[in-house]
Structures are given as structure tokens and as C-alpha cells.
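A.B. asks: File name upload_14.txt; file contents compact mmCIF, C-alpha atoms and all ligand atoms; full text below.
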```
# COMPACT_ATOMS: atom_id res chain seq x y z
CA MET S 1 21.18 -17.90 -17.62
CA LYS S 2 20.69 -19.75 -20.89
CA THR S 3 18.26 -18.08 -23.27
CA GLU S 4 16.52 -19.39 -26.37
CA PHE S 5 15.51 -16.41 -28.45
CA SER S 6 15.27 -17.01 -32.19
CA LEU S 7 17.40 -15.02 -34.61
CA ALA S 8 14.26 -13.22 -35.77
CA GLN S 9 13.51 -12.20 -32.17
CA LEU S 10 17.08 -11.03 -31.63
CA ALA S 11 16.76 -8.68 -34.60
CA ASP S 12 14.57 -6.54 -32.31
CA PRO S 13 16.99 -4.28 -30.35
CA ASP S 14 14.85 -4.50 -27.21
CA ILE S 15 14.92 -8.30 -27.27
CA ALA S 16 18.65 -8.26 -27.98
CA GLU S 17 19.07 -6.07 -24.89
CA ALA S 18 16.87 -8.37 -22.79
CA ASP S 19 18.90 -11.36 -23.98
CA LYS S 20 22.12 -9.66 -22.85
CA ILE S 21 20.63 -8.89 -19.44
CA LEU S 22 19.19 -12.38 -18.93
CA ARG S 23 22.46 -14.06 -19.88
CA ALA S 24 24.26 -12.07 -17.18
CA CYS S 25 22.07 -13.57 -14.44
CA VAL S 26 23.61 -16.63 -12.79
CA HIS S 27 20.55 -17.49 -10.59
CA CYS S 28 22.60 -17.00 -7.41
CA GLY S 29 19.67 -15.38 -5.58
CA PHE S 30 21.80 -12.87 -3.65
CA CYS S 31 19.33 -10.21 -4.76
CA THR S 32 16.42 -11.82 -2.92
CA ALA S 33 17.82 -10.80 0.49
CA THR S 34 17.55 -7.08 -0.24
CA CYS S 35 14.31 -7.09 -2.25
CA PRO S 36 11.58 -5.39 -0.17
CA THR S 37 8.72 -7.41 -1.64
CA TYR S 38 10.52 -10.70 -1.02
CA VAL S 39 11.43 -9.60 2.50
CA LEU S 40 7.77 -8.76 3.18
CA LEU S 41 5.93 -11.48 1.26
CA GLY S 42 8.46 -14.35 1.15
CA ASP S 43 7.33 -15.53 -2.30
CA GLU S 44 10.11 -16.35 -4.79
CA LEU S 45 7.97 -14.85 -7.55
CA ASP S 46 8.05 -11.57 -5.64
CA SER S 47 11.84 -11.58 -5.71
CA PRO S 48 14.08 -10.21 -8.49
CA ARG S 49 15.16 -13.72 -9.50
CA GLY S 50 11.55 -14.90 -9.69
CA ARG S 51 10.53 -11.88 -11.74
CA ILE S 52 13.49 -12.36 -14.06
CA TYR S 53 12.24 -15.90 -14.79
CA LEU S 54 8.72 -14.64 -15.43
CA ILE S 55 9.97 -11.95 -17.80
CA LYS S 56 12.24 -14.43 -19.59
CA GLU S 57 9.31 -16.80 -20.20
CA MET S 58 7.06 -14.01 -21.43
CA LEU S 59 9.64 -12.57 -23.84
CA GLU S 60 11.05 -15.88 -25.09
CA LYS S 61 7.69 -17.45 -25.80
CA ASP S 62 6.48 -14.13 -27.16
CA ARG S 63 3.11 -14.58 -25.51
CA PRO S 64 0.81 -12.06 -23.83
CA PRO S 65 1.47 -11.55 -20.12
CA THR S 66 -0.65 -13.73 -17.85
CA ARG S 67 -2.48 -12.48 -14.77
CA GLU S 68 0.18 -14.12 -12.63
CA VAL S 69 3.02 -12.33 -14.41
CA VAL S 70 1.23 -9.00 -14.15
CA LYS S 71 0.59 -9.51 -10.42
CA HIS S 72 4.25 -10.04 -9.60
CA ILE S 73 5.61 -7.35 -11.93
CA ASP S 74 3.06 -4.85 -10.57
CA ARG S 75 4.26 -5.63 -7.06
CA CYS S 76 7.85 -4.68 -7.99
CA LEU S 77 8.70 -1.19 -6.71
CA SER S 78 11.45 -0.60 -9.29
CA CYS S 79 13.51 0.36 -6.24
CA LEU S 80 16.60 -1.26 -7.83
CA ALA S 81 17.99 -2.59 -4.54
CA CYS S 82 18.54 -5.80 -6.50
CA MET S 83 20.91 -4.00 -8.86
CA THR S 84 23.04 -2.80 -5.97
CA THR S 85 23.23 -6.32 -4.54
CA CYS S 86 23.74 -8.29 -7.75
CA PRO S 87 27.38 -9.40 -8.15
CA SER S 88 26.92 -10.05 -11.89
CA GLY S 89 25.80 -6.58 -12.91
CA VAL S 90 22.34 -7.65 -14.11
CA ASN S 91 20.52 -4.55 -15.37
CA TYR S 92 17.14 -5.38 -13.85
CA MET S 93 15.92 -1.82 -14.47
CA HIS S 94 16.00 -2.12 -18.25
CA LEU S 95 14.45 -5.60 -18.07
CA VAL S 96 11.50 -4.64 -15.86
CA ASP S 97 10.96 -1.43 -17.86
CA GLN S 98 10.57 -3.60 -20.93
CA ALA S 99 8.18 -5.95 -19.13
CA ARG S 100 6.00 -3.03 -18.06
CA VAL S 101 5.78 -1.77 -21.65
CA ARG S 102 4.80 -5.28 -22.80
CA ILE S 103 2.12 -5.52 -20.09
CA GLU S 104 0.72 -2.13 -20.99
CA ARG S 105 0.58 -3.12 -24.66
CA ASP S 106 -0.67 -6.71 -24.45
CA TYR S 107 -2.60 -7.14 -21.20
CA ARG S 108 -6.16 -5.96 -20.67
CA ARG S 109 -6.59 -4.86 -17.06
CA PRO S 110 -10.02 -4.59 -15.39
CA LEU S 111 -11.89 -1.41 -16.37
CA THR S 112 -11.47 0.39 -13.02
CA GLU S 113 -7.74 -0.23 -13.09
CA ARG S 114 -7.44 1.01 -16.65
CA LEU S 115 -9.32 4.17 -15.72
CA LEU S 116 -7.22 4.77 -12.61
CA ARG S 117 -3.94 4.31 -14.50
CA ALA S 118 -5.14 6.56 -17.32
CA ALA S 119 -6.11 9.23 -14.77
CA LEU S 120 -2.70 9.04 -13.05
CA ALA S 121 -0.88 9.24 -16.39
CA LEU S 122 -2.99 12.25 -17.36
CA VAL S 123 -2.88 14.21 -14.11
CA LEU S 124 0.50 13.63 -12.46
CA PRO S 125 2.74 15.02 -15.22
CA ARG S 126 0.67 18.21 -15.54
CA PRO S 127 1.16 20.59 -12.58
CA ALA S 128 -2.04 22.59 -13.23
CA LEU S 129 -4.17 19.44 -13.32
CA PHE S 130 -2.30 17.95 -10.37
CA ARG S 131 -2.93 21.11 -8.33
CA ALA S 132 -6.65 20.99 -9.17
CA SER S 133 -6.81 17.30 -8.23
CA MET S 134 -5.07 17.99 -4.90
CA MET S 135 -7.68 20.66 -4.12
CA LEU S 136 -10.44 18.17 -4.89
CA ALA S 137 -8.69 15.54 -2.76
CA ARG S 138 -8.63 17.97 0.16
CA LEU S 139 -12.39 18.28 -0.06
CA GLY S 140 -12.71 14.49 -0.17
CA ARG S 141 -10.38 13.82 2.76
CA PRO S 142 -13.17 13.41 5.34
CA LEU S 143 -14.29 10.37 3.31
CA VAL S 144 -11.14 8.50 4.40
CA ALA S 145 -12.89 7.39 7.58
CA LEU S 146 -15.61 5.68 5.51
CA LEU S 147 -13.26 3.81 3.16
CA PRO S 148 -11.96 0.30 3.91
CA GLU S 149 -8.51 -0.32 5.34
CA ALA S 150 -6.84 -3.61 4.39
CA GLU S 151 -6.05 -6.20 7.02
CA GLN S 152 -3.12 -7.61 5.05
CA ALA S 153 -1.12 -6.92 1.88
CA THR S 154 -3.13 -7.90 -1.15
CA ALA S 155 -2.01 -8.22 -4.77
CA SER S 156 -5.08 -6.49 -6.13
CA PRO S 157 -6.26 -3.75 -3.82
CA THR S 158 -9.77 -2.58 -4.66
CA LEU S 159 -10.43 0.78 -6.25
CA LEU S 160 -11.78 2.05 -2.91
CA ARG S 161 -8.51 1.11 -1.20
CA ARG S 162 -6.61 3.00 -3.85
CA ILE S 163 -8.85 6.04 -3.59
CA ARG S 164 -8.33 5.94 0.17
CA ALA S 165 -4.55 5.89 -0.41
CA MET S 166 -4.77 8.90 -2.73
CA LEU S 167 -6.82 10.88 -0.23
CA MET S 168 -4.43 9.99 2.58
CA LEU S 169 -1.50 11.32 0.53
CA SER S 170 -3.12 14.66 -0.29
CA PRO S 171 -1.71 17.58 1.72
CA GLY S 172 -3.72 19.56 4.26
CA ARG S 173 -2.88 22.78 2.42
CA LEU S 174 -1.18 23.71 -0.83
CA PRO S 175 1.60 26.31 -0.97
CA ALA S 176 1.51 29.13 -3.52
CA PRO S 177 3.05 28.14 -6.88
CA GLY S 178 6.76 28.82 -7.38
CA PRO S 179 8.33 30.80 -10.25
CA ALA S 180 7.28 29.96 -13.82
CA GLY S 181 9.35 28.34 -16.55
CA GLY S 182 11.48 30.94 -18.32
CA SER S 183 12.62 32.55 -15.04
CA VAL S 184 16.33 33.28 -14.70
CA PHE S 185 17.97 33.84 -11.32
CA PRO S 186 21.27 35.70 -11.75
CA ALA S 187 24.33 34.77 -9.73
CA ILE S 188 25.07 36.98 -6.73
CA GLY S 189 28.59 38.39 -6.95
CA GLU S 190 31.12 36.86 -9.30
CA LYS S 191 29.46 34.41 -11.72
CA ARG S 192 31.00 30.95 -11.46
CA GLY S 193 28.55 28.84 -13.43
CA ARG S 194 25.16 28.49 -15.12
CA VAL S 195 22.75 25.59 -14.64
CA ALA S 196 19.21 24.55 -15.54
CA LEU S 197 17.08 23.38 -12.61
CA LEU S 198 14.41 20.76 -13.34
CA GLN S 199 11.07 22.21 -12.25
CA GLY S 200 9.46 18.85 -11.49
CA CYS S 201 5.72 18.12 -11.61
CA ALA S 202 4.36 16.95 -8.27
CA GLN S 203 7.21 18.68 -6.44
CA GLN S 204 6.46 22.15 -7.83
CA VAL S 205 2.87 21.80 -6.57
CA LEU S 206 3.53 20.13 -3.20
CA ALA S 207 6.80 21.75 -2.15
CA PRO S 208 8.07 24.67 -4.29
CA ARG S 209 10.21 25.54 -1.26
CA ILE S 210 12.66 22.79 -2.32
CA ASN S 211 13.65 24.40 -5.59
CA GLN S 212 13.51 27.81 -3.92
CA ALA S 213 16.16 26.58 -1.48
CA ALA S 214 18.24 25.28 -4.41
CA VAL S 215 17.99 28.63 -6.22
CA ASN S 216 18.88 30.55 -3.04
CA LEU S 217 21.93 28.42 -2.33
CA LEU S 218 23.18 28.29 -5.92
CA THR S 219 22.85 32.00 -6.65
CA ARG S 220 24.45 32.83 -3.27
CA HIS S 221 27.45 30.81 -4.43
CA GLY S 222 27.77 32.49 -7.83
CA VAL S 223 25.75 30.08 -9.97
CA GLU S 224 23.09 31.43 -12.34
CA VAL S 225 19.95 29.29 -12.41
CA VAL S 226 17.50 29.02 -15.27
CA LEU S 227 14.09 27.35 -15.30
CA VAL S 228 13.85 26.31 -18.94
CA ARG S 229 10.63 27.57 -20.52
CA ASP S 230 9.50 24.60 -22.65
CA GLU S 231 10.58 21.90 -20.22
CA GLN S 232 8.06 19.14 -19.54
CA CYS S 233 7.62 16.38 -16.97
CA CYS S 234 10.72 14.17 -17.30
CA GLY S 235 8.49 11.18 -18.19
CA ALA S 236 9.39 9.07 -15.14
CA LEU S 237 5.79 8.65 -14.01
CA THR S 238 4.45 7.38 -17.33
CA HIS S 239 7.65 5.40 -17.97
CA HIS S 240 7.02 3.40 -14.79
CA LEU S 241 3.40 2.85 -15.84
CA GLY S 242 4.70 1.21 -19.04
CA ARG S 243 3.45 4.09 -21.22
CA ASP S 244 6.58 4.51 -23.24
CA GLY S 245 4.98 6.49 -26.06
CA ASP S 246 4.22 9.28 -23.60
CA ALA S 247 7.54 8.99 -21.72
CA LEU S 248 9.65 9.08 -24.89
CA ALA S 249 7.73 12.05 -26.30
CA ARG S 250 8.47 13.95 -23.09
CA ALA S 251 12.13 12.91 -23.21
CA ARG S 252 12.44 14.20 -26.79
CA ALA S 253 10.75 17.50 -25.91
CA ASN S 254 13.12 17.99 -22.97
CA VAL S 255 16.21 17.14 -24.98
CA THR S 256 15.17 19.78 -27.51
CA ALA S 257 14.41 22.40 -24.84
CA TRP S 258 17.57 21.84 -22.77
CA LEU S 259 19.96 21.70 -25.71
CA ALA S 260 18.42 24.89 -27.12
CA GLU S 261 19.03 26.55 -23.72
CA ALA S 262 22.60 25.22 -23.66
CA GLU S 263 23.11 26.68 -27.14
CA ARG S 264 21.65 30.05 -26.09
CA GLY S 265 23.30 30.70 -22.75
CA GLY S 266 25.53 27.70 -21.95
CA LEU S 267 24.74 25.08 -19.30
CA ASP S 268 27.24 23.44 -16.96
CA ALA S 269 24.62 20.98 -15.74
CA ILE S 270 20.94 20.14 -15.59
CA LEU S 271 20.28 19.91 -11.87
CA VAL S 272 17.62 17.70 -10.36
CA THR S 273 16.26 17.89 -6.81
CA THR S 274 13.94 14.87 -7.23
CA SER S 275 16.09 11.79 -7.52
CA GLY S 276 13.33 9.70 -9.13
CA CYS S 277 13.41 12.13 -12.07
CA GLY S 278 17.21 12.23 -12.10
CA THR S 279 17.46 8.48 -12.57
CA VAL S 280 15.25 8.61 -15.66
CA ILE S 281 16.92 11.69 -17.20
CA LYS S 282 20.29 9.99 -16.77
CA ASP S 283 18.76 7.10 -18.73
CA TYR S 284 17.52 9.24 -21.66
CA GLY S 285 20.62 8.25 -23.62
CA PHE S 286 19.60 4.59 -23.35
CA MET S 287 15.88 5.20 -23.84
CA LEU S 288 16.45 7.09 -27.12
CA ARG S 289 19.45 5.07 -28.33
CA GLU S 290 17.57 3.76 -31.38
CA ASP S 291 16.23 7.17 -32.41
CA PRO S 292 18.65 8.60 -35.00
CA GLY S 293 17.28 12.12 -34.54
CA PHE S 294 17.71 12.16 -30.77
CA ALA S 295 20.28 9.53 -29.71
CA ALA S 296 23.26 11.91 -29.60
CA GLY S 297 21.29 14.75 -27.99
CA ALA S 298 19.79 12.43 -25.38
CA ALA S 299 23.24 11.11 -24.47
CA GLN S 300 24.45 14.71 -24.11
CA VAL S 301 21.53 15.54 -21.81
CA SER S 302 22.10 12.41 -19.71
CA ALA S 303 25.74 13.44 -19.27
CA LEU S 304 24.67 16.94 -18.18
CA ALA S 305 22.08 15.67 -15.65
CA LYS S 306 23.24 15.78 -12.04
CA ASP S 307 21.62 15.36 -8.69
CA ILE S 308 21.89 18.64 -6.76
CA THR S 309 24.16 17.02 -4.14
CA GLU S 310 26.42 15.59 -6.84
CA TYR S 311 26.90 19.10 -8.24
CA LEU S 312 27.34 20.75 -4.84
CA SER S 313 30.11 18.32 -3.94
CA GLY S 314 32.24 20.27 -6.42
CA VAL S 315 31.30 23.74 -5.09
CA ASP S 316 33.08 25.50 -2.21
CA LEU S 317 30.17 26.24 0.08
CA GLN S 318 30.31 29.19 2.48
CA PRO S 319 31.37 28.28 6.03
CA PRO S 320 28.42 26.80 7.91
CA GLN S 321 26.55 28.78 10.51
CA HIS S 322 26.13 27.02 13.82
CA HIS S 323 22.84 25.18 14.41
CA GLY S 324 23.61 23.36 17.63
CA ASP S 325 23.67 19.58 17.52
CA ILE S 326 20.77 18.91 15.21
CA VAL S 327 20.45 15.20 14.57
CA VAL S 328 19.43 14.43 11.00
CA ALA S 329 18.32 10.95 9.96
CA TYR S 330 19.39 10.66 6.33
CA HIS S 331 16.86 8.67 4.30
CA ALA S 332 18.59 7.33 1.19
CA ALA S 333 16.00 7.44 -1.62
CA CYS S 334 16.22 4.27 -3.72
CA SER S 335 16.52 6.26 -6.93
CA LEU S 336 19.54 8.06 -5.46
CA GLN S 337 21.34 5.15 -3.75
CA HIS S 338 20.44 2.30 -6.13
CA GLY S 339 19.46 4.15 -9.32
CA GLN S 340 22.26 6.73 -9.40
CA LYS S 341 24.70 5.16 -6.94
CA ILE S 342 24.95 8.41 -4.99
CA THR S 343 25.38 7.34 -1.40
CA GLN S 344 27.99 9.53 0.32
CA ALA S 345 27.64 13.01 -1.19
CA PRO S 346 24.41 14.03 0.61
CA LYS S 347 25.66 12.77 3.99
CA GLU S 348 29.09 14.37 3.57
CA LEU S 349 27.56 17.70 2.61
CA LEU S 350 25.26 17.62 5.64
CA SER S 351 28.09 16.64 8.02
CA LYS S 352 30.45 19.27 6.66
CA ASN S 353 27.73 21.84 7.18
CA GLY S 354 27.31 21.18 10.86
CA PHE S 355 24.59 18.52 11.13
CA VAL S 356 24.91 15.30 13.08
CA VAL S 357 24.03 12.77 10.38
CA LYS S 358 22.68 9.34 11.28
CA ASP S 359 22.29 6.40 8.92
CA VAL S 360 18.93 4.67 9.16
CA PRO S 361 18.93 0.90 9.87
CA GLU S 362 17.87 -1.16 6.82
CA SER S 363 18.55 1.91 4.71
CA HIS S 364 18.64 -0.24 1.56
CA LEU S 365 14.90 -0.97 1.87
CA CYS S 366 12.40 1.21 0.00
CA CYS S 367 9.95 3.42 1.96
CA GLY S 368 7.12 2.29 -0.32
CA SER S 369 6.64 5.53 -2.24
CA ALA S 370 8.06 4.48 -5.64
CA GLY S 371 6.22 6.89 -7.95
CA THR S 372 2.59 5.79 -8.12
CA TYR S 373 3.22 2.57 -6.15
CA ASN S 374 1.77 3.91 -2.90
CA ILE S 375 -1.49 4.53 -4.76
CA LEU S 376 -1.56 1.32 -6.83
CA GLN S 377 -0.23 -1.02 -4.11
CA PRO S 378 -1.19 0.80 -0.90
CA ASP S 379 -1.05 -2.22 1.40
CA ILE S 380 2.54 -3.18 0.64
CA ALA S 381 3.50 0.52 0.52
CA ASN S 382 2.04 1.15 3.99
CA LYS S 383 3.89 -1.81 5.46
CA LEU S 384 7.15 -0.54 4.01
CA ARG S 385 6.46 2.99 5.28
CA ASP S 386 5.76 1.75 8.80
CA ARG S 387 8.95 -0.29 8.76
CA LYS S 388 10.94 2.70 7.47
CA VAL S 389 9.47 5.05 10.08
CA ALA S 390 10.23 2.56 12.88
CA ASN S 391 13.83 2.30 11.66
CA ILE S 392 14.15 6.07 11.49
CA ALA S 393 12.80 6.42 15.04
CA MET S 394 15.65 4.22 16.29
CA VAL S 395 18.18 7.00 15.62
CA LYS S 396 16.03 9.58 17.46
CA PRO S 397 16.35 12.37 14.89
CA ASP S 398 15.34 16.02 15.18
CA MET S 399 14.76 16.05 11.43
CA ILE S 400 14.65 13.60 8.53
CA ALA S 401 16.42 14.54 5.28
CA ALA S 402 15.74 12.99 1.87
CA GLY S 403 16.41 13.88 -1.75
CA ASN S 404 13.11 12.86 -3.30
CA ILE S 405 9.66 14.41 -2.84
CA GLY S 406 7.91 11.03 -3.17
CA CYS S 407 9.83 9.64 -0.18
CA MET S 408 9.26 12.85 1.77
CA VAL S 409 5.47 12.66 1.39
CA GLN S 410 5.43 8.93 2.09
CA ILE S 411 7.53 9.13 5.26
CA ALA S 412 5.76 12.27 6.51
CA GLY S 413 2.53 10.25 6.42
CA GLY S 414 3.85 8.10 9.27
CA THR S 415 5.77 10.42 11.57
CA SER S 416 5.54 13.78 13.30
CA VAL S 417 9.31 14.42 12.89
CA PRO S 418 9.81 17.15 10.23
CA VAL S 419 10.82 15.70 6.85
CA VAL S 420 12.88 18.09 4.75
CA HIS S 421 14.91 18.00 1.58
CA THR S 422 18.71 17.81 1.91
CA ILE S 423 19.03 21.06 -0.07
CA GLU S 424 16.81 22.89 2.44
CA LEU S 425 19.22 21.99 5.24
CA LEU S 426 22.23 23.03 3.17
CA ASP S 427 20.56 26.31 2.27
CA TRP S 428 19.83 26.92 5.95
CA ALA S 429 23.40 26.10 6.97
CA THR S 430 24.79 28.57 4.45
CA GLY S 431 22.53 31.50 5.23
CA GLY S 432 18.97 30.56 4.20
CA PRO S 433 15.80 30.20 6.29
CA ARG S 434 15.22 27.37 8.73
CA PRO S 435 13.25 24.53 7.10
CA GLY S 436 10.95 22.01 8.66
CA LEU S 437 8.34 24.42 9.85
CA ASN S 438 5.80 22.62 7.60
S1 LIG J 501 13.37 -3.41 -8.12
FE1 LIG J 501 13.11 -3.60 -5.87
S2 LIG J 501 11.09 -4.60 -5.61
FE2 LIG J 501 11.70 -4.87 -7.77
S3 LIG J 501 12.72 -6.86 -7.82
FE3 LIG J 501 14.35 -5.33 -7.52
S4 LIG J 501 14.61 -5.18 -5.30
FE4 LIG J 501 12.65 -6.24 -5.65
S1 LIG J 502 21.88 -11.48 -7.74
FE1 LIG J 502 22.05 -11.01 -9.92
S2 LIG J 502 22.86 -12.87 -10.85
FE2 LIG J 502 22.09 -13.46 -8.81
S3 LIG J 502 19.94 -14.11 -9.18
FE3 LIG J 502 19.87 -11.94 -8.64
S4 LIG J 502 19.93 -10.90 -10.63
FE4 LIG J 502 20.62 -13.00 -11.01
```
Is it possible to express this structure as C-alpha cells?
C.D. replies:
Amino acid sequence: MKTEFSLAQLADPDIAEADKILRACVHCGFCTATCPTYVLLGDELDSPRGRIYLIKEMLEKDRPPTREVVKHIDRCLSCLACMTTCPSGVNYMHLVDQARVRIERDYRRPLTERLLRAALALVLPRPALFRASMMLARLGRPLVALLPEAEQATASPTLLRRIRAMLMLSPGRLPAPGPAGGSVFPAIGEKRGRVALLQGCAQQVLAPRINQAAVNLLTRHGVEVVLVRDEQCCGALTHHLGRDGDALARARANVTAWLAEAERGGLDAILVTTSGCGTVIKDYGFMLREDPGFAAGAAQVSALAKDITEYLSGVDLQPPQHHGDIVVAYHAACSLQHGQKITQAPKELLSKNGFVVKDVPESHLCCGSAGTYNILQPDIANKLRDRKVANIAMVKPDMIAAGNIGCMVQIAGGTSVPVVHTIELLDWATGGPRPGLN
């Protein structure tokens, strides 16, 4: 794609990066076929190619985002299916990230939307606040019946629709909190490695059992696990809201905390059980590339970051115990399959450990969770969830496995089949408790 940035514009490293990305796009439109919003809405401007044009116009002309641009960028799930499909290697992720930052900086949203986004950015990265908000949401759940349900997908759902979506996503009960930062879980038997395990924000409140399963399995296989004391939210949630100041501050704090831990006790890897977070941590090196104080450290952290299944592929797991012929529908989280290109490891681990693994039809399509998307765009998100659940039902599973808490909550909202994390099944297969009794 031909671009027309001025030399002065190209002096800005972000614009230079956008120019490189835009020039790689050859307008072929292959990406439209796998874009969930294009598949659902059929509007070229809700396809990757359409959004790329909108972003190009906004950046080239250096003008504030229009309402139209914001509508179509807001509808993007950042699922990155387009990056998997694109034959020209267009890095849509870095382009749309830049567009979101520009929108956040230069576009004035309606007051209710500004308040809602500010509340999400404040609450979600802070587990104590998130826990308190989930308790409040539980009390408000009976109000769901009084709030309006949309007839069709709308670009600007009302505040009431979004509140309804939040209440619908809140759990019926909250488990007790897991172990605190600073905890160390020694290896059982001969020590073979030492890793940090990302504590996560929403996940540690909604499902501490996931990291508990990871700790159980790792220590049982000789790996010491540390929950790093000063670790913060990885920044993914605010990054996707275009609040880069917040996201980068969190990235810097984590780089400092993890490298200090690596210096103190050594770290073979920083393990992540929430693939949405893993995708962003693996991108720290890019996000902080222009920061002379952090660029090298961030690159080191990105190289250390691994999805739990990526790491376990290199560990000799104990022989599996027999669980009968349990059929597991494997839901490939977008952040894992498109963001990190990890497609086979989770399925191979599950198969090797005695489960009958089934691929889900249309597995490339997002379930609609996408960070805060199911709150901000509940109508599109619900349609995608219903489609995902119908596809999952076709393989008649006993359980559904996924590697991302956002997907797990989203899918569980539409099915009675137990939704568990891949690591819970692997822990069970190698001696841990049976999951899915939630
Ligand atoms: S990230 Fe997903 S929703 Fe956004 S343009 Fe790409 S495929 Fe479409
Ligand atoms: S598939 Fe790639 S090159 Fe083709 S239009 Fe989409 S982003 Fe551009």
C-alpha cells in the first residue's frame, strides 16, 4: 500500500512503524474471510482491510479520529485472526494498538462512556478492587431481569446494556484468594528448574484454582515456582483501552521486579496461564523499544515469557493416570493461536495425557471475550459466544479446555458443559484433583 507520510512525520518512531506496516499490506482482502466482525456484520469497514484504510487516513492526515473511525476500531476485537491469515505479514496488532492510543488521546467520548472506561481501567488491574466490585455485582445480579436486552448488534450499546453485560459476567460465588505475592513453592524431589508464575488480576480473583494447578504440577515435576512480590497487572487491559501511559508504567514495574528476581534466585522462564497476558508480555520488548532505560530489560523479559503449555512441552511429565475416554473440546484462545502462534502444544499435551481431544469447528473465530470487549460491545460479543458454543456442542464434549480465563468465563456463560483450564486437566492427569466441579 502506498503511503504519503512527510519526512517530519516519519521522524516519529511510531509513525515510521505504522508506515512500515501499511506498506506491507497489498489490499488482497484475504483477511476479511477470517475476521469475526466482518463475518458477522458484512461491512468492509468492520474488516481488517477496512480498518487499515481508516487508520492510514487518520495517521497520514494527522487529524483527530472521527466518530466513524472510532466506531469501527472499537468494534475490532484485537483477536488477530487477520494476522494469521495475512500472506504479507502485516502486523495489524501494532497498527491497531497505535490507533487505540490515538483515539484515547484525541477523541472525546460521551461522558458515560468515559466514566465506564475509566472505571474498568481502575478496577480490573487491581485484584482487591476487582474482588470488591464482583461482590457488589453479585448483589446487583437480580437487576439483570430489569435491564434491556438488544435485539441486534449495535455499534454503540447503551450504558444500561453494558451494565447488564457486566452483571451477567459476575460469578455466583467467589473462591477464597490464592497465595500472596512473595510465596515460593519448592520443587518436590530433585530440583530441575525455577520459574516465576504470573499471578494475573481477574484470574486470581475468579479462578485461583488455575495457578494452584500449575504450582501443583510444576513442583511435582521438580520445578520451583515463585510468585514475584512486586509484580503488577501485565498492562494488557489498559493497553487494549488505549491507555498506554498506564500500560507502559506497569510493564516497566514488571521488568524491574522480574529481573530483580532473576538476579536473586535465577529464572528459567516467566510462566503465564492467561494467554491474553502472555501475548502482551511477549510484546514488552517492542512496547519499550524506545526507552533507553528499559529496552534491553524488556526484551530479556519477553524472551523469558512462556505460555505454560509451551514450557511443559519441554518437561517429561509423569505417566498419565487413566481417566476413561473423556472427550475434551479444545478452545483455542485467540491470544494463544493468533497472538502467540501456539496451536499444537496444548492439544498434544492433552492427548499424550489420556484425553480425547476434539478441535472445534470455526476454531479461528473469537468467542467474543477479548478483554473488556464483552462489556463494551456486548451485542457482538454475545453473538460470537453463541456461535462458539454451538460449534463446541457439535463435538459433544464432556469438558471444554481453554488457556485463557476471559474465554473460560465467556464460554461458560453459554453452556452447562464444564469449562476448565488446560493446566487443570494436565494436573489431574498427572496426580492432581479432578477439575470441572465448578
Ligand atoms: S483483530 Fe480480529 S476483529 Fe480486529 S480486524 Fe483483525 S480479525 Fe478483525
Ligand atoms: S490479508 Fe494482509 S495484505 Fe491482504 S488486505 Fe489483509 S492485511 Fe492487507
A.B. asks: Can you work out the spacing between CA of Arg117 (chain S) and CA of Cys233 (chain S) in Å, to one decimal?
C.D. replies: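 Those two atoms sit 16.9 Å apart.
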A.B. asks: Name the residues in contact with region 269-277 of chain S at a cut-off of 7 Å, using all atoms listed in the file, excluding same-chain residues fewer than 2 positions from it; report them as a ChimeraX atom specification.
C.D. replies: /S:195-198,234,236,267,279-281,304-308,335-336,403-405
A.B. asks: Could you check which of S:Arg289, S:Arg252, S:His27, S:Arg229 is closest to ligand LIG 502 (chain J), using all atoms listed in the file?
C.D. replies: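 Distance minimum relative to ligand LIG 502 (chain J) lands on S:His27.
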A.B. asks: Find the residue from S:Trp258, S:Ile210, S:Arg131, S:Leu349 that sits nearest to Met408 (chain S); use only C-alpha atoms when measuring.
C.D. replies: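 Ranked by minimum distance to Met408 (chain S), first place goes to S:Ile210.
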A.B. asks: Counting all atoms listed in the file, which residues of chain S fall within 6 Å of ligand LIG 502 (chain J), and what is the closest atom pair for each with its distance in Å at one decimal, ordered by chain and rising number, as a tab-separated table?
C.D. replies:
```
residue	atom	partner	partner_atom	distance
S:Cys25	CA	J:LIG502	S2	3.7
S:Val26	CA	J:LIG502	S2	4.3
S:His27	CA	J:LIG502	S3	3.7
S:Cys28	CA	J:LIG502	FE2	3.8
S:Gly29	CA	J:LIG502	S3	3.8
S:Phe30	CA	J:LIG502	S1	4.3
S:Cys31	CA	J:LIG502	S1	4.1
S:Arg49	CA	J:LIG502	S3	4.8
S:Cys86	CA	J:LIG502	S1	3.7
S:Pro87	CA	J:LIG502	FE1	5.8
S:Ser88	CA	J:LIG502	S2	5.1
S:Val90	CA	J:LIG502	S4	5.3
```
A.B. asks: Mind listing the residues within 8 Å of ligand LIG 501 (chain J), only C-alpha atoms and all ligand atoms counted, as a PyMOL selection string?
C.D. replies: chain S and resi 31-32+34-38+46-49+51+73+75-83+92-93+366
A.B. asks: Excluding Arg243 (chain S) and any residue of its chain fewer than 4 positions from it, enumerate the residues within 9 Å of it, using all atoms listed in the file, and give them as an MDAnalysis selection string.
C.D. replies: chainID S and resid 100:101 104:105 121 237:239 247:248
